[in-house]
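Trainee: Sending over a structure as structure tokens; questions will come in a sec.
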Amino acid sequence: MSATPTKEALVRTHRTPRKAAALALGATLLALLTAAPAGADDEGLPTVTPTSETPALYDDEAGGDSDADDPAIWRNAADPDRSLVIATAKKGGLRVYGLDARLVQSLPAPRPPAQDDAPGRFNNVDLVTGLSTPAGRTDVAVVSDRGNDRLRIYRIDPSKPSAPLTDVTDPAAAPVFSADQAEINDQRTAYGLATWRDKATGRSYALVSQRERTRLALLELTPTARGTVGYRKVRTLDLPASFRLPDGTTWSPCAEPGELPQVEGMVVDPATGTLYAGQEDVGIWRLRADLTDRPVLVEKVREYGVPGVYDEATEECAAGADPGFGGEHLTADVEGLTLLQESDGDGYLLASSQGDNTFAAYDREVSEDNEYEGGFRVGAASATLDGSEECDGAAVLNAPLGSRYPHGLLVVQDGHDTPGVPDGQGGTRTATGFKFVDLGDVVDAADL
């Protein structure tokens, strides 16, 4: 996940301490959950199945180092059947799919500035509809380029069905968090991303998190007369890295030396300007999207408060006894936050509980304190159409999408696409992809 093999090897262990801690706390429970039959699992959660999946992406040289991460759903208001799913593939750049899950367009990530520099690496994506530019309003996809510590902006043009996205990033766009290329190469860079339009001013923004840090940045998108789109930093906010527990002790999630508990999954409720940010090993924060108030931790992961000691030799965390201060519905990491909006103002915040392969739904209304409303998992539809495991990113759109999805669509990343393909060395290639799920099935099964 960086420019050199050494850093790649290091990053591949990035989740290991977190996974080890989760497994140490509940390996037997997780095994039971993942083995549960379709219909409902041992926690009583219903299982829904995908209708289709995108072609597998392979994180190896032959596959262009492509690794599925985060999707966004763009609705073609003039022709909903021609709506698109735009998704990141890390070093593999950006992928655009039709509603049939077939590839429409592939856009590469930027090349490194110099041979020893980090290459482009697209992490998260979100949309801005009706961005005001000197040439008129346009829809754009905004992407966090972790490799270059920048945002990249793509105009969406439905009149070009075979190549609907065009890069319109301002060449003068500056790094989001880094002072120079040396800091960029350290890869404490732009990571999670959500977009937001301030209803009071009409201005559009991107909220970006910093990898291996707790910092969030608010960036205003700035269209130029040349037809490009840049951005300027408005302010930053740091979430806590350590927490006072009810027994009076202080706790921080176990991680590799020098790492702080990062945020990736984020979404903004456009009706209220409320940002929900998933701090992976901590829980879900609620705060104003303009980053001007005190964050509120509205949900905790089960592992919250569990002590851990990092072992340099094994590159894993040894988990201690669970003091019982964690939540009940999310197993670290919390990922893939997305908002299911309903026309009457109701709706749900959906979150991927990556550690146990489930999804949790919370009431959208702040007045209800974002109460937990239920959950579900995405299971296999057949031997060749599997479900979603270790989901990184998710996107939901509760709007008619033509004949295929008249009740809306949920797209979820699958971190372990199956069946595997032989790698020629006695193993299988690591495959990821995206599953398309009929939103009507989710609503019915989870009783949302």
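Identifiers in the structure tokens: chain A, B, ... in order shown; residue index from 1 per chain; ligand index from 1 in order shown.
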For stretch 240-242 of chain A, list every protein, DNA or RNA residue within 10 Å, evaluated using only C-alpha atoms, and leave out those in the same chain fewer than 6 positions away; present the list as a compact mmCIF listing (two decimals) with N, CA and C atoms, in the first residue's frame.

Mentor:
```txt
# COMPACT_ATOMS: atom_id res chain seq x y z
N ARG A 213 -3.91 8.37 11.79
CA ARG A 213 -4.09 9.49 12.69
C ARG A 213 -5.59 9.67 12.95
N THR A 214 -5.93 10.52 13.89
CA THR A 214 -7.34 10.74 14.21
C THR A 214 -7.89 12.01 13.58
N ARG A 215 -7.10 12.65 12.73
CA ARG A 215 -7.46 13.97 12.19
C ARG A 215 -8.49 13.87 11.07
N THR A 250 -7.47 4.53 31.70
CA THR A 250 -7.39 5.10 30.36
C THR A 250 -7.03 4.01 29.37
N TRP A 251 -7.69 4.02 28.22
CA TRP A 251 -7.51 2.95 27.22
C TRP A 251 -7.28 3.55 25.84
N SER A 252 -6.39 2.91 25.10
CA SER A 252 -6.21 3.19 23.68
C SER A 252 -6.22 1.86 22.93
N PRO A 253 -6.79 1.83 21.72
CA PRO A 253 -6.78 0.56 20.97
C PRO A 253 -5.35 0.13 20.68
N GLU A 259 1.07 4.27 15.46
CA GLU A 259 -0.25 4.42 14.85
C GLU A 259 -1.27 4.88 15.88
N LEU A 260 -2.19 5.73 15.44
CA LEU A 260 -3.33 6.14 16.23
C LEU A 260 -4.59 5.56 15.60
N PRO A 261 -5.68 5.49 16.36
CA PRO A 261 -6.92 4.87 15.82
C PRO A 261 -7.55 5.73 14.74
N GLN A 262 -7.45 5.28 13.50
CA GLN A 262 -7.86 6.06 12.34
C GLN A 262 -9.35 5.94 12.05
N GLN A 279 -14.53 5.49 13.56
CA GLN A 279 -13.16 5.27 14.02
C GLN A 279 -13.00 3.76 14.20
N VAL A 282 -12.82 1.91 17.50
CA VAL A 282 -13.47 2.60 18.61
C VAL A 282 -14.98 2.56 18.49
N PRO A 295 -17.53 16.22 19.19
CA PRO A 295 -18.04 14.93 18.71
C PRO A 295 -18.67 14.12 19.84
N GLY A 305 -12.34 -0.78 24.97
CA GLY A 305 -11.86 -0.94 26.34
C GLY A 305 -11.03 -2.17 26.59
```

Trainee: Got a sec to tell me which of stretch 325-386 of chain A DSSP assigns to strand (DSSP E), as a PyMOL selection string?

Mentor: chain A and resi 334-341+347-353+358-363+372-378

Trainee: Name all residues at most 7 Å from stretch 409-419 of chain A (count only C-alpha atoms; drop same-chain ones fewer than 5 positions away) and give them as a PyMOL selection string.

Mentor: chain A and resi 56+68-71+384+386+388-398+431-439

Trainee: Just want the 7 Å neighbourhood of A:Ile153, counted on only C-alpha atoms, with same-chain residues fewer than 2 positions away dropped. Output as a PyMOL selection string.

Mentor: chain A and resi 140-143+151+155+167-169+229

Trainee: Set the distance at 10 Å and use only C-alpha atoms: which residues neighbour A:Asp81 once local chain neighbours fewer than 6 positions away are removed? I'd like the list as a PyMOL selection string.

Mentor: chain A and resi 75+98-100+400-406

Trainee: Taking all heavy atoms for each residue, export the selection above as a PDB file, in the first residue's frame.

Mentor:
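To be explicit, this is the file written out as selection_11.pdb:
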```
ATOM      1  N   ARG A  75     -27.124   8.194  -9.768  1.00  0.00           N
ATOM      2  CA  ARG A  75     -28.398   7.975 -10.438  1.00  0.00           C
ATOM      3  C   ARG A  75     -28.517   8.898 -11.644  1.00  0.00           C
ATOM      4  O   ARG A  75     -28.378  10.120 -11.534  1.00  0.00           O
ATOM      5  CB  ARG A  75     -29.573   8.228  -9.490  1.00  0.00           C
ATOM      6  CG  ARG A  75     -30.934   7.906 -10.101  1.00  0.00           C
ATOM      7  CD  ARG A  75     -32.042   8.037  -9.059  1.00  0.00           C
ATOM      8  NE  ARG A  75     -33.319   7.588  -9.588  1.00  0.00           N
ATOM      9  CZ  ARG A  75     -34.201   8.374 -10.207  1.00  0.00           C
ATOM     10  NH1 ARG A  75     -33.929   9.676 -10.351  1.00  0.00           N
ATOM     11  NH2 ARG A  75     -35.339   7.888 -10.655  1.00  0.00           N
ATOM     12  N   GLY A  98     -21.992  -0.561 -14.786  1.00  0.00           N
ATOM     13  CA  GLY A  98     -23.408  -0.387 -15.016  1.00  0.00           C
ATOM     14  C   GLY A  98     -24.210  -1.128 -13.965  1.00  0.00           C
ATOM     15  O   GLY A  98     -23.665  -1.853 -13.125  1.00  0.00           O
ATOM     16  N   LEU A  99     -25.537  -0.985 -13.995  1.00  0.00           N
ATOM     17  CA  LEU A  99     -26.381  -1.667 -13.026  1.00  0.00           C
ATOM     18  C   LEU A  99     -26.382  -3.180 -13.217  1.00  0.00           C
ATOM     19  O   LEU A  99     -26.844  -3.913 -12.336  1.00  0.00           O
ATOM     20  CB  LEU A  99     -27.811  -1.125 -13.108  1.00  0.00           C
ATOM     21  CG  LEU A  99     -27.992   0.329 -12.662  1.00  0.00           C
ATOM     22  CD1 LEU A  99     -29.457   0.735 -12.776  1.00  0.00           C
ATOM     23  CD2 LEU A  99     -27.474   0.548 -11.248  1.00  0.00           C
ATOM     24  N   ASP A 100     -25.860  -3.660 -14.342  1.00  0.00           N
ATOM     25  CA  ASP A 100     -25.700  -5.092 -14.541  1.00  0.00           C
ATOM     26  C   ASP A 100     -24.381  -5.596 -13.949  1.00  0.00           C
ATOM     27  O   ASP A 100     -24.025  -6.769 -14.120  1.00  0.00           O
ATOM     28  CB  ASP A 100     -25.779  -5.449 -16.029  1.00  0.00           C
ATOM     29  CG  ASP A 100     -24.746  -4.694 -16.869  1.00  0.00           C
ATOM     30  OD1 ASP A 100     -23.928  -3.941 -16.291  1.00  0.00           O
ATOM     31  OD2 ASP A 100     -24.755  -4.857 -18.103  1.00  0.00           O
ATOM     32  N   PRO A 400     -35.682   4.765  -7.229  1.00  0.00           N
ATOM     33  CA  PRO A 400     -35.855   3.819  -8.339  1.00  0.00           C
ATOM     34  C   PRO A 400     -34.690   3.892  -9.309  1.00  0.00           C
ATOM     35  O   PRO A 400     -34.290   4.972  -9.751  1.00  0.00           O
ATOM     36  CB  PRO A 400     -37.158   4.286  -8.999  1.00  0.00           C
ATOM     37  CG  PRO A 400     -37.851   5.109  -7.965  1.00  0.00           C
ATOM     38  CD  PRO A 400     -36.774   5.754  -7.160  1.00  0.00           C
ATOM     39  N   LEU A 401     -34.156   2.715  -9.639  1.00  0.00           N
ATOM     40  CA  LEU A 401     -33.047   2.629 -10.587  1.00  0.00           C
ATOM     41  C   LEU A 401     -33.453   1.731 -11.751  1.00  0.00           C
ATOM     42  O   LEU A 401     -32.898   0.660 -11.969  1.00  0.00           O
ATOM     43  CB  LEU A 401     -31.789   2.101  -9.895  1.00  0.00           C
ATOM     44  CG  LEU A 401     -31.167   3.053  -8.861  1.00  0.00           C
ATOM     45  CD1 LEU A 401     -30.056   2.363  -8.099  1.00  0.00           C
ATOM     46  CD2 LEU A 401     -30.651   4.313  -9.530  1.00  0.00           C
ATOM     47  N   GLY A 402     -34.469   2.174 -12.457  1.00  0.00           N
ATOM     48  CA  GLY A 402     -34.908   1.464 -13.652  1.00  0.00           C
ATOM     49  C   GLY A 402     -35.526   0.118 -13.358  1.00  0.00           C
ATOM     50  O   GLY A 402     -36.017  -0.162 -12.257  1.00  0.00           O
ATOM     51  N   SER A 403     -35.478  -0.743 -14.355  1.00  0.00           N
ATOM     52  CA  SER A 403     -36.137  -2.043 -14.251  1.00  0.00           C
ATOM     53  C   SER A 403     -35.384  -3.021 -13.360  1.00  0.00           C
ATOM     54  O   SER A 403     -35.978  -3.942 -12.807  1.00  0.00           O
ATOM     55  CB  SER A 403     -36.299  -2.642 -15.651  1.00  0.00           C
ATOM     56  OG  SER A 403     -35.026  -2.760 -16.283  1.00  0.00           O
ATOM     57  N   ARG A 404     -34.079  -2.844 -13.222  1.00  0.00           N
ATOM     58  CA  ARG A 404     -33.304  -3.784 -12.413  1.00  0.00           C
ATOM     59  C   ARG A 404     -33.531  -3.581 -10.912  1.00  0.00           C
ATOM     60  O   ARG A 404     -33.627  -4.543 -10.161  1.00  0.00           O
ATOM     61  CB  ARG A 404     -31.813  -3.660 -12.729  1.00  0.00           C
ATOM     62  CG  ARG A 404     -31.405  -4.231 -14.066  1.00  0.00           C
ATOM     63  CD  ARG A 404     -29.898  -4.132 -14.254  1.00  0.00           C
ATOM     64  NE  ARG A 404     -29.511  -4.644 -15.564  1.00  0.00           N
ATOM     65  CZ  ARG A 404     -29.230  -5.918 -15.810  1.00  0.00           C
ATOM     66  NH1 ARG A 404     -29.288  -6.803 -14.830  1.00  0.00           N
ATOM     67  NH2 ARG A 404     -28.884  -6.306 -17.029  1.00  0.00           N
ATOM     68  N   TYR A 405     -33.566  -2.324 -10.496  1.00  0.00           N
ATOM     69  CA  TYR A 405     -33.669  -2.037  -9.066  1.00  0.00           C
ATOM     70  C   TYR A 405     -34.728  -0.957  -8.818  1.00  0.00           C
ATOM     71  O   TYR A 405     -34.403   0.168  -8.441  1.00  0.00           O
ATOM     72  CB  TYR A 405     -32.309  -1.596  -8.517  1.00  0.00           C
ATOM     73  CG  TYR A 405     -31.262  -2.673  -8.627  1.00  0.00           C
ATOM     74  CD1 TYR A 405     -30.288  -2.617  -9.629  1.00  0.00           C
ATOM     75  CD2 TYR A 405     -31.257  -3.755  -7.761  1.00  0.00           C
ATOM     76  CE1 TYR A 405     -29.340  -3.619  -9.745  1.00  0.00           C
ATOM     77  CE2 TYR A 405     -30.311  -4.765  -7.866  1.00  0.00           C
ATOM     78  CZ  TYR A 405     -29.352  -4.690  -8.859  1.00  0.00           C
ATOM     79  OH  TYR A 405     -28.414  -5.690  -8.981  1.00  0.00           O
ATOM     80  N   PRO A 406     -36.002  -1.301  -9.019  1.00  0.00           N
ATOM     81  CA  PRO A 406     -37.060  -0.299  -8.820  1.00  0.00           C
ATOM     82  C   PRO A 406     -37.201   0.145  -7.377  1.00  0.00           C
ATOM     83  O   PRO A 406     -37.785   1.198  -7.108  1.00  0.00           O
ATOM     84  CB  PRO A 406     -38.316  -1.026  -9.315  1.00  0.00           C
ATOM     85  CG  PRO A 406     -37.997  -2.487  -9.175  1.00  0.00           C
ATOM     86  CD  PRO A 406     -36.542  -2.597  -9.478  1.00  0.00           C
TER      87      PRO A 406
END
```

Trainee: How would you write, as a PyMOL selection string, the set of residues in stretch 152-359 of chain A that DSSP gives as helix (DSSP H, G or I)?

Mentor: chain A and resi 181-186+354-356

Trainee: Give me the residues within 12 Å of A:Lys160 as a compact mmCIF listing (two decimals) with N, CA and C atoms, in the first residue's frame, counting only C-alpha atoms and dropping any in the same chain fewer than 4 places off.

Mentor:
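In the end it all went to part.txt:
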```txt
# COMPACT_ATOMS: atom_id res chain seq x y z
N ARG A 82 -29.64 3.61 -16.83
CA ARG A 82 -28.24 3.85 -17.18
C ARG A 82 -27.46 4.49 -16.02
N VAL A 104 -17.84 -0.61 -17.21
CA VAL A 104 -18.08 0.42 -18.21
C VAL A 104 -16.80 1.17 -18.53
N GLN A 105 -16.02 1.48 -17.49
CA GLN A 105 -14.83 2.31 -17.67
C GLN A 105 -13.84 2.00 -16.56
N ARG A 155 -15.57 14.55 -13.50
CA ARG A 155 -16.88 14.97 -13.99
C ARG A 155 -17.61 13.77 -14.57
N ILE A 156 -18.91 13.67 -14.28
CA ILE A 156 -19.74 12.58 -14.79
C ILE A 156 -20.58 13.10 -15.95
N PRO A 164 -17.94 7.71 -19.21
CA PRO A 164 -18.69 8.82 -18.59
C PRO A 164 -17.88 9.69 -17.64
N LEU A 165 -16.71 9.24 -17.16
CA LEU A 165 -15.93 10.01 -16.21
C LEU A 165 -14.71 10.64 -16.87
N THR A 166 -14.48 11.91 -16.54
CA THR A 166 -13.32 12.64 -17.02
C THR A 166 -12.65 13.31 -15.83
```

Trainee: Compile the contact shell of A:Val421 as a list in words: residues with an atom at most 10 Å away, counting only C-alpha atoms, same-chain residues fewer than 6 positions apart removed.

Mentor: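 Within the cut-off, the hits are Ala56, Tyr58, Gly427, Thr428, Arg429, Thr430 and Ala431 of chain A.
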
Trainee: Atom CA of A:Asp59 and atom CA of A:Gly424, how far apart in Å?

Mentor: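 These two atoms are separated by 15.0 Å.
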
Trainee: How far is it from atom CA of A:Leu193 to atom CA of A:Glu61, in Å with one decimal?

Mentor: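 Atom-to-atom, atom CA of A:Leu193 to atom CA of A:Glu61, that is 27.0 Å.
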
Trainee: Considering only C-alpha atoms, can you say which of A:Val263, A:Ala114, A:Ala206, A:Ala217 comes closest to A:Arg235?

Mentor: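 Closest to A:Arg235, using only C-alpha atoms: A:Ala217.
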
Trainee: Here is a test: counting only C-alpha atoms, which residue of A:Phe243, A:Glu212, A:Ala351, A:Thr228 is nearest to A:Met266?

Mentor: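 The shortest atom-to-atom distance to A:Met266 comes from A:Ala351.
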
Trainee: What does the structure give for the distance between atom CA of A:Pro307 and atom CA of A:Pro323, in Å to one decimal?

Mentor: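 Rounded to one decimal, the two atoms are 8.7 Å apart.
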
Trainee: Of the candidates A:Pro108, A:Pro158, A:Gly258, A:Pro113, which shows the shortest atom-to-atom distance to A:Leu84, using only C-alpha atoms?

Mentor: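 With only C-alpha atoms as the atom set, the closest residue is A:Pro158.
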
Trainee: Find, counting only C-alpha atoms, the residue in A:Leu107, A:Ala313, A:Ile284, A:Ala380 that gets nearest to A:Val298.

Mentor: A:Ile284
